[in-house]
>>> print(open('upload.txt').read())   # compact mmCIF, C-alpha atoms and all ligand atoms
# COMPACT_ATOMS: atom_id res chain seq x y z
CA MET X 77 4.79 85.65 -76.65
CA ALA X 78 2.41 84.07 -74.24
CA THR X 79 -0.90 85.13 -72.81
CA TYR X 80 -1.56 85.09 -69.11
CA VAL X 81 -4.55 85.66 -66.94
CA ILE X 82 -3.77 87.69 -63.85
CA TRP X 83 -6.20 88.25 -61.03
CA GLN X 84 -6.17 89.50 -57.49
CA ASP X 85 -7.79 87.72 -54.60
CA ASN X 86 -10.67 90.19 -54.77
CA GLY X 87 -11.60 88.73 -58.15
CA VAL X 88 -10.61 91.29 -60.79
CA SER X 89 -9.00 89.41 -63.66
CA GLU X 90 -7.20 90.67 -66.72
CA TYR X 91 -5.54 89.08 -69.71
CA PHE X 92 -1.95 90.10 -70.30
CA ASP X 93 0.49 89.30 -73.09
CA SER X 94 4.16 89.06 -72.23
CA GLU X 95 7.45 87.72 -73.51
CA ALA X 96 8.98 87.50 -70.04
CA GLU X 97 10.48 84.15 -69.14
CA SER X 98 9.22 83.69 -65.59
CA LEU X 99 5.86 84.29 -63.99
CA ASN X 100 7.47 86.71 -61.55
CA ASP X 101 8.82 88.74 -64.45
CA VAL X 102 5.37 88.77 -66.05
CA LEU X 103 3.87 90.08 -62.80
CA ASP X 104 6.55 92.76 -62.68
CA GLU X 105 5.64 93.83 -66.22
CA PHE X 106 1.94 93.75 -65.40
CA CYS X 107 2.42 95.96 -62.36
CA GLN X 108 4.69 98.31 -64.30
CA GLU X 109 1.95 98.80 -66.89
CA ALA X 110 -0.41 99.59 -64.02
CA GLY X 111 1.96 102.34 -62.91
CA TYR X 112 3.95 100.61 -60.19
CA VAL X 113 7.70 100.08 -60.03
CA ASP X 114 7.27 96.33 -60.01
CA HIS X 115 5.20 93.57 -58.41
CA ALA X 116 6.73 94.05 -54.96
CA ASP X 117 6.08 97.79 -55.14
CA ALA X 118 2.45 97.19 -56.09
CA CYS X 119 1.98 94.90 -53.09
CA GLN X 120 3.53 97.48 -50.82
CA VAL X 121 1.42 100.33 -52.19
CA LEU X 122 -1.72 98.21 -51.99
CA GLY X 123 -0.90 97.21 -48.43
CA GLN X 124 -0.63 93.53 -49.22
CA VAL X 125 1.63 91.78 -46.74
CA GLU X 126 1.52 88.78 -49.02
CA SER X 127 0.92 89.24 -52.70
CA GLN X 128 -2.70 88.82 -53.71
CA PHE X 129 -1.78 88.63 -57.36
CA ASN X 130 -2.39 85.29 -58.99
CA ILE X 131 -1.17 84.37 -62.44
CA LYS X 132 -1.64 81.53 -64.83
CA GLU X 133 -0.36 81.04 -68.33
CA ILE X 134 -2.98 80.32 -70.95
CA LEU X 135 -1.75 77.45 -73.05
CA ASP X 136 -2.61 77.22 -76.73
CA ASN X 137 -4.24 73.86 -76.30
CA ASP X 138 -6.59 75.08 -73.60
CA ASP X 139 -10.20 74.95 -74.64
CA PRO X 140 -11.21 78.60 -75.09
CA GLY X 141 -14.51 77.93 -73.34
CA ILE X 142 -12.78 76.68 -70.21
CA CYS X 143 -11.76 79.08 -67.46
CA PRO X 144 -7.95 79.39 -67.67
CA ALA X 145 -7.55 80.05 -63.97
CA CYS X 146 -9.13 76.86 -62.66
CA SER X 147 -9.07 74.73 -65.83
CA GLY X 148 -12.82 74.39 -65.62
CA SER X 149 -13.09 73.00 -62.11
CA GLY X 150 -14.59 76.21 -60.73
CA GLU X 151 -12.48 75.81 -57.62
CA GLY X 152 -10.07 78.33 -56.18
CA GLU X 153 -6.49 77.85 -55.20
CA PHE X 154 -7.42 76.37 -51.84
CA ASP X 155 -9.90 73.68 -50.84
CA GLY X 156 -13.38 75.03 -50.36
CA THR X 157 -12.80 78.27 -52.26
CA THR X 158 -14.42 79.35 -55.49
CA CYS X 159 -12.40 80.38 -58.53
CA PRO X 160 -12.38 84.21 -58.51
CA VAL X 161 -12.09 84.48 -62.28
CA CYS X 162 -15.16 82.50 -63.35
CA LYS X 163 -16.97 82.63 -60.00
CA GLY X 164 -17.11 78.85 -59.94
CA LEU X 165 -18.67 78.45 -63.38
CA GLY X 166 -15.59 76.82 -64.85
CA GLU X 167 -15.81 78.75 -68.11
ZN ZN X 201 -12.28 79.53 -62.97
>>> encode(input="upload.txt", output="structure tokens", more="lines below")
Ligand SMILES: [Zn+2]
Amino acid sequence: MATYVIWQDNGVSEYFDSEAESLNDVLDEFCQEAGYVDHADACQVLGQVESQFNIKEILDNDDPGICPACSGSGEGEFDGTTCPVCKGLGE
């Protein structure tokens, strides 16, 4: 069992526990719990040409006060962007 943080590019983040072996499988499970067939179906229904779902595993040794999505840097996935989970706070 591992815990993941999953967020969409619009900034809504959720914690999700899963035993799936790959991140793609975890996203499938996450979308199934949200009522979709799987991750690809969710993207299609939501009109996302490219998936806007982001996922990161929360490791046991991560400091609980540090944002799991950006590891405390406050930066988003791309240069010049702000982490959507912590809004750039890093925690
Ligand atoms: Zn962050």
>>> residues_near_point(input="upload.txt", point="(4.7, 97.7, -58.4)", cutoff="12 Å", atoms="only C-alpha atoms", output="ChimeraX atom specification")
/X:100-124,127,129
>>> axis_aligned_box(input="upload.txt", around="range 122-135 of chain X", padding_each_side="8 Å", output="AutoDock Vina command-line options")
--center_x -0.7 --center_y 87.8 --center_z -59.9 --size_x 20.6 --size_y 36.8 --size_z 42.3
>>> closest_atom_pairs(input="upload.txt", of="chain X", to="ligand ZN 201 (chain X)", cutoff="9 Å", atoms="only C-alpha atoms and all ligand atoms", output="tab-separated table")
residue	atom	partner	partner_atom	distance
X:Ile142	CA	X:ZN201	ZN	7.8
X:Cys143	CA	X:ZN201	ZN	4.5
X:Pro144	CA	X:ZN201	ZN	6.4
X:Ala145	CA	X:ZN201	ZN	4.9
X:Cys146	CA	X:ZN201	ZN	4.1
X:Ser147	CA	X:ZN201	ZN	6.4
X:Gly148	CA	X:ZN201	ZN	5.8
X:Ser149	CA	X:ZN201	ZN	6.6
X:Gly150	CA	X:ZN201	ZN	4.6
X:Glu151	CA	X:ZN201	ZN	6.5
X:Gly152	CA	X:ZN201	ZN	7.2
X:Thr158	CA	X:ZN201	ZN	7.8
X:Cys159	CA	X:ZN201	ZN	4.5
X:Pro160	CA	X:ZN201	ZN	6.5
X:Val161	CA	X:ZN201	ZN	5.0
X:Cys162	CA	X:ZN201	ZN	4.2
X:Lys163	CA	X:ZN201	ZN	6.4
X:Gly164	CA	X:ZN201	ZN	5.7
X:Leu165	CA	X:ZN201	ZN	6.5
X:Gly166	CA	X:ZN201	ZN	4.7
X:Glu167	CA	X:ZN201	ZN	6.3
>>> atom_distance(input="upload.txt", atom1="CA of Ala78 in chain X", atom2="CA of Glu97 in chain X")
9.5 Å
>>> atom_distance(input="upload.txt", atom1="CA of Ile131 in chain X", atom2="CA of Leu99 in chain X")
7.2 Å
>>> closest_residue(input="upload.txt", among="X:Asp136, X:Asp93, X:Asp155, X:Ser98", to="Met77 in chain X", atoms="all atoms listed in the file")
X:Asp93
>>> atom_distance(input="upload.txt", atom1="CA of Gln128 in chain X", atom2="CA of Trp83 in chain X")
8.1 Å
>>> closest_residue(input="upload.txt", among="X:Glu133, X:Glu90, X:Asp85, X:Glu126", to="Thr157 in chain X", atoms="all atoms listed in the file")
X:Asp85
>>> residues_around(input="upload.txt", residues="Thr79 in chain X", least_positions_apart="6", cutoff="8 Å", atoms="all atoms listed in the file", output="PyMOL selection string")
chain X and resi 91-94+133-135
